[in-house]
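Beneath this line is the structure, given in structure tokens, with notes to follow.
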Amino acid sequence: MNLQADSHIENLLAAVANGHVPSDLEALDLSTTHCTTQLMQTARDLRDKGFENVVTYSRKVFIPLTHLCRDVCHYCTFAQVPRKLQQPYMSLDEVLHIARQGAALGCKEALFTLGEKPELRYRAASHALSELGFESTLHYLAFVAEQVFSQTGLLPHFNPGCLTAKELAWLRGLSPSMGLMLESTSPRLCEKGMPHFGSPDKQPEIRLNTLKQAGNIKVPFTTGILIGIGETRRERIESLLAIRSIQQQYGHIQEVIIQNFRAKPDTKMASAVEPDLDELLWSIAIARIIFGSTMSIQAPPNLSPGVLPQLIDAGINDWGGVSPLTPDFVNPEAPWPHLDNLRLETEKAGKHLAERLTVYPSYIREQHIWLDEKFHTPILRATDSDGFPRVDGWHTGTSVQPPNDEIQRITQTKSKAEITSEVTKVLHKVAEQQDLSTEDIVTLFKARGNDFSQVCATANELRTTLVGDNVTYVVNRNINYTNICYFKCQFCAFSKGKTHETLRDKPYDLTFDEIKRRTKEAWQRGATEVCMQGGIHPDYSGQHYLDLCHAVKQVCPTIHIHAFSPLEIWQGAKTLNLSVKHFLQELVKAGLNTLPGTAAEILDDEVRKKLCANKITTEQWLHTMQTAHELGIKTTATIMFGHLDSYYHWAKHLLHILALQKTTGGFTEFVPLPFVASEAPIYRQGKARNGPTFRECVLMHAVARLVLSPAINNIQASWVKLGLQGVAACLNAGANDLGGTLMNESITKAAGATHGQETLPQSIENLIKSMGRTPIQRTTLYQVASEDSRQRARNALPVSPILNNVRQREKKKMPVM
């Protein structure tokens with residue numbers, strides 16, 4: 001019988017490893033198995049499928065608003081009677097003092113711990129509440145939490161006990177997440193002599209009802225079980241199955257905690273035997289097997305010091321809340337591990353410790369469903385494109401130095417054993433030159449820790465193979481001929497129109513004489529290219545773009561004109577009643593040489609509807625580029641990322657570019673353009689993130705190299721967006737080009753960037769040489785620039801002040817895109 005039972009369990013675990021979800025009966029069968037090692041292996045593999053190499057924690061402060069509670073759990077030291085407390089409730093000043101200290105230490109969550117409705121048991125509680133001016137503990141909690149959020153920015157998390165549907169709906173607007181430990185569904189534990197006797201709120205049906213009501217009103221929720229308080233293994237599984245049943249119905253449970261009982265002095269269970277390590281590991285593994293690869297399974301690290309890697313091996317992916325300031329008031333005898341030690345212990349298990357918010361990333365990515373609107377903007381601004389928090393002060397366009405830990409990871413070499421299987425599989429496909437799927441590319445963008453290092457290293461190796469150690473740049477001049485635009489792109493701080501009147505800089509529309517002057521000066525300073533782009537002026541027709549080309553060629557017949565995005569091409573063609581092909585042919589006759597690949601933003605129309613609703617569509621952008629390529633006009637390709645997009649959108653964008661390149665071969669380079677947020681309308685309106693993180697910027701260059709090679713050989717890093725230290729990092733992650741020296745740069749400057757309007761050739765070359773690479777001044781089409789151009793660039797006088805003038809024009813009807 002034992003052999004048959006063991007065979008049954010082995011078959012079940014094999015099926016689970018292949019995606020089978022165990023039924024309730026199958027899960028209950030596991031209660032008799034003692035093969036913890038086998039359970040852990042299955043659980044570990046499941047966890048890795050869902051979370052790869054990332055183990056998370058929330059950096060928080062714990063605020064014990066009151067230690068009074070109407071329940072009398074026999075293992076608890078948190079709950080106290082009034083005579084043992086100096087005051088029934090913390091004052092607002094005391095709460096804010098802790099919250100402000102926590103915010104200064106980088107905490108992002110304020111976890112409010114409190115007993116259940118103490119005013120229903122203690123007159124001291126109801127009297128204190130009356131003096132404070134509140135009718136209940138929940139009303140005081142709501143007031144204090146709102147003050148904490150408004151004054152410190154910490155996100156509240158409530159653990160107020162059992163709640164009605166009405167109470168949950170009310171508190172949802174004050175706390176983005178809540179929690180209630182189920183502990184156990186065993187009614188036996190509420191009988192006389194058992195730990196929950198005399199605690200009305202520990203009745204399983206009451207607690208389960210709170211979980212259901214929270215799901216019904218869509219509150220991201222925490223729950224879990226407490227092991228070792230007298231329950232059997234079968235009862236543990238029954239409790240986990242009850243949670244799973246509710247999760248399957250509502251989908252709101254973010255995490256399941258497996259908390260081990262710790263005996264405490266001065267309690268009725270002071271002499272009770274604590275569960276041993278095997279019991280804890282068994283319970284964690286069972287929870288992972290029951291919930292599968294996507295549920296976060298958590299174990300508090302302070303309750304199991306010295307064995308944290310083993311908890312990870314059992315299937316957890318989260319440590320819960322850890323505070324650099326406040327103790328665990330529920331388990332005061334168990335201090336939190338120092339975060340540096342927690343990171344080291346996590347790394348011993350081959351995992352990367354990453355911070356999260358009180359709301360898990362998957363719920364943040366769908367915050368329109370799960371969160372009250374008041375939290376949308378602060379959480380959007382506090383997170384990256386995958387829903388994880390920003391943990392440093394770096395932003396695109398600013399002078400803040402990139403985070404040193406990410407800089408170091410870029411050049412670290414990792415063994416295959418240190419890389420997750422999913423990333424290894426994708427990188428193998430890259431090595432075999434197999435096509436990557438959208439999901440493959442998303443996997444690369446999610447890379448953190450060792451996976452991040454390996455993605456960067458692989459991209460850099462591929463760069464070396466394809467283009468060697470040369471790093472190219474072009475001496476050019478940006479001429480943004482007007483900042484007046486009738487389009488309403490929500491990311492753009494450059495354009496001027498009725499909706500953008502509060503943005504920096506005055507409207508202008510350059511005269512042809514000023515354009516000629518800038519072109520001539522550019523040539524004298526060694527430029528081989530002028531790059532012309534601007535707003536879509538309501539008075540412009542396609543003829544104006546033709547005239548711009550003529551003006552440039554009149555003063556510098558041999559200078560390369562790199563001008564006009566697909567939007568300008570589309571608009572110019574419409575105004576002249578020409579096809580895109582015919583208009584491009586006319587532009588070439590007027591002197592146009594190549595097109596910039598801007599106006600791509602994100603090639604996904606769902607994103608474009610929010611970002612640039614009246615701009616050209618994905619299909620129109622691709623059609624314009626394909627038409628240009630078929631006419632022999634080379635173009636660049638870009639992506640503008642880090643606003644309201646996701647890794648899925650980035651992956652789709654790269655695949656669009658790759659597909660067209662395989663057809664035409666017309667893209668000369670791919671240029672990632674990280675969103676600069678500070679002055680962008682969509683950011684000022686609270687509807688966009690604060691640009692991509694530094695990790696995401698580096699990955700965009702690395703992943704682009706892996707996806708687009710060998711179809712596109714040149715990956716460019718923008719010093720205007722990233723600064724010199726930022727582009728140096730990208731050069732170690734697959735990039736090989738630094739774009740133009742620019743001389744003037746208006747668009748990113750208008751968005752709030754501070755890296756300047758020109759980087760001289762000497763500065764660029766010094767940076768490249770400091771990395772052991774070879775600088776090459778190139779032309780737009782990646783030929784080596786002439787010696788004459790190089791000498792003029794090195795001996796150039798300072799650029800003259802620019803004149804942004806305005807001229808009167810005859811108004812013309814604006815075309816419809």
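Here, A, B, ... name the chains of the structure tokens in the order displayed, residue numbers run from 1 inside each chain, and ligands are numbered from 1 in the same displayed order.
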Strand (DSSP E) positions in stretch 304-531 of chain A, given as a list in words: Asp318, Trp319, Gly320, Gly321, Val322, His352, Leu353, Ala354, Glu355, Arg356, Asn470, Val471, Thr472, Tyr473, Val474, Asn476, Arg477, Asn478, Ile479, Asn480, Glu529, Val530 and Cys531 of chain A
Neighbour list for stretch 619-636 of chain A as a PyMOL selection string, cut-off 10 Å, only C-alpha atoms, skip fewer than 3 positions in-chain: chain A and resi 562-563+565-567+569-570+580-582+584-585+588+592-600+603-605+615-616+656-657+660-661+663-671+712+714+780-781+817
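Minimum distance to A:Leu427 across A:Tyr140, A:Phe491, A:Trp650, A:Phe452 (counting only C-alpha atoms) occurs at A:Phe452.
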Skip A:Ser136 itself and residues of its chain fewer than 2 positions away, then list as an mmCIF file with C-alpha atoms, in the first residue's frame all residues within 8 Å of it, counting only C-alpha atoms.
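Final output, selection32.cif:
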data_model
loop_
_atom_site.group_PDB
_atom_site.id
_atom_site.type_symbol
_atom_site.label_atom_id
_atom_site.label_comp_id
_atom_site.auth_asym_id
_atom_site.auth_seq_id
_atom_site.Cartn_x
_atom_site.Cartn_y
_atom_site.Cartn_z
ATOM 1 C CA LYS A 117 -13.200 46.456 17.044
ATOM 2 C CA GLU A 119 -14.716 49.474 21.379
ATOM 3 C CA SER A 126 -15.025 53.780 23.169
ATOM 4 C CA LEU A 129 -12.518 57.352 20.503
ATOM 5 C CA PHE A 134 -14.528 59.364 16.169
ATOM 6 C CA LEU A 138 -12.315 52.125 11.751
ATOM 7 C CA HIS A 139 -13.230 55.814 11.498
ATOM 8 C CA TYR A 140 -10.057 56.784 13.360
#
Which of stretch 259-419 of chain A fall in helix (DSSP H, G or I), as a PyMOL selection string: chain A and resi 277-291+301-303+308-313+339-348+361-364+367-370+373-382+404-410+416-418
Write out as a PDB file with C-alpha atoms, in the first residue's frame the residues lying within 9 Å of A:Arg236, counting only C-alpha atoms and excluding same-chain residues fewer than 4 positions away.
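Below you can see around.pdb, which holds the result:
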ATOM      1  CA  SER A  31      -1.733  15.393   3.603  1.00  0.00           C
ATOM      2  CA  GLU A 183      -5.362  31.274   9.930  1.00  0.00           C
ATOM      3  CA  SER A 184      -7.541  28.149   9.739  1.00  0.00           C
ATOM      4  CA  THR A 185     -10.950  26.973   8.599  1.00  0.00           C
ATOM      5  CA  SER A 186     -11.046  24.363  11.352  1.00  0.00           C
ATOM      6  CA  ILE A 225      -2.644  30.344   7.374  1.00  0.00           C
ATOM      7  CA  LEU A 226      -0.990  30.042  10.779  1.00  0.00           C
ATOM      8  CA  ILE A 227       0.617  26.636  11.227  1.00  0.00           C
ATOM      9  CA  GLU A 231      -4.437  22.003  13.380  1.00  0.00           C
ATOM     10  CA  THR A 232      -3.694  18.849  11.406  1.00  0.00           C
ATOM     11  CA  LEU A 240      -5.629  26.557   1.623  1.00  0.00           C
ATOM     12  CA  LEU A 241      -8.324  25.046  -0.590  1.00  0.00           C
ATOM     13  CA  SER A 283       3.435  23.595   4.335  1.00  0.00           C
TER      14      SER A 283
END
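If you count only C-alpha atoms and ignore residues fewer than 5 places along the chain from A:Val474, what sits within 7 Å of it is Gly739, Gly740, Thr741, Gln777, Arg778, Thr779 and Thr780 of chain A.
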Residue contacts of A:Leu182 (12 Å, only C-alpha atoms) excluding same-chain residues fewer than 2 positions away, as an MDAnalysis selection string: chainID A and resid 159 161:162 179:180 184:186 201:212 221:227 236 238:244 246 253 256:259
Can you write out as CSV which residues of stretch 25-111 of chain A fall within 7 Å of stretch 269-282 of chain A, alongside each residue's closest atom pair and its distance in Å to one decimal, counting only C-alpha atoms and ordering rows by chain and ascending residue number?
residue,atom,partner,partner_atom,distance
A:Thr36,CA,A:Trp282,CA,5.4
A:His74,CA,A:Met269,CA,6.0
A:Tyr75,CA,A:Met269,CA,5.3
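We find atom CA of A:Asp451 and atom CA of A:Thr693 to be spaced 16.6 Å apart.
Our summary of the geometry notes that atom CA of A:Arg525 is positioned 26.5 Å from atom CA of A:Met771.
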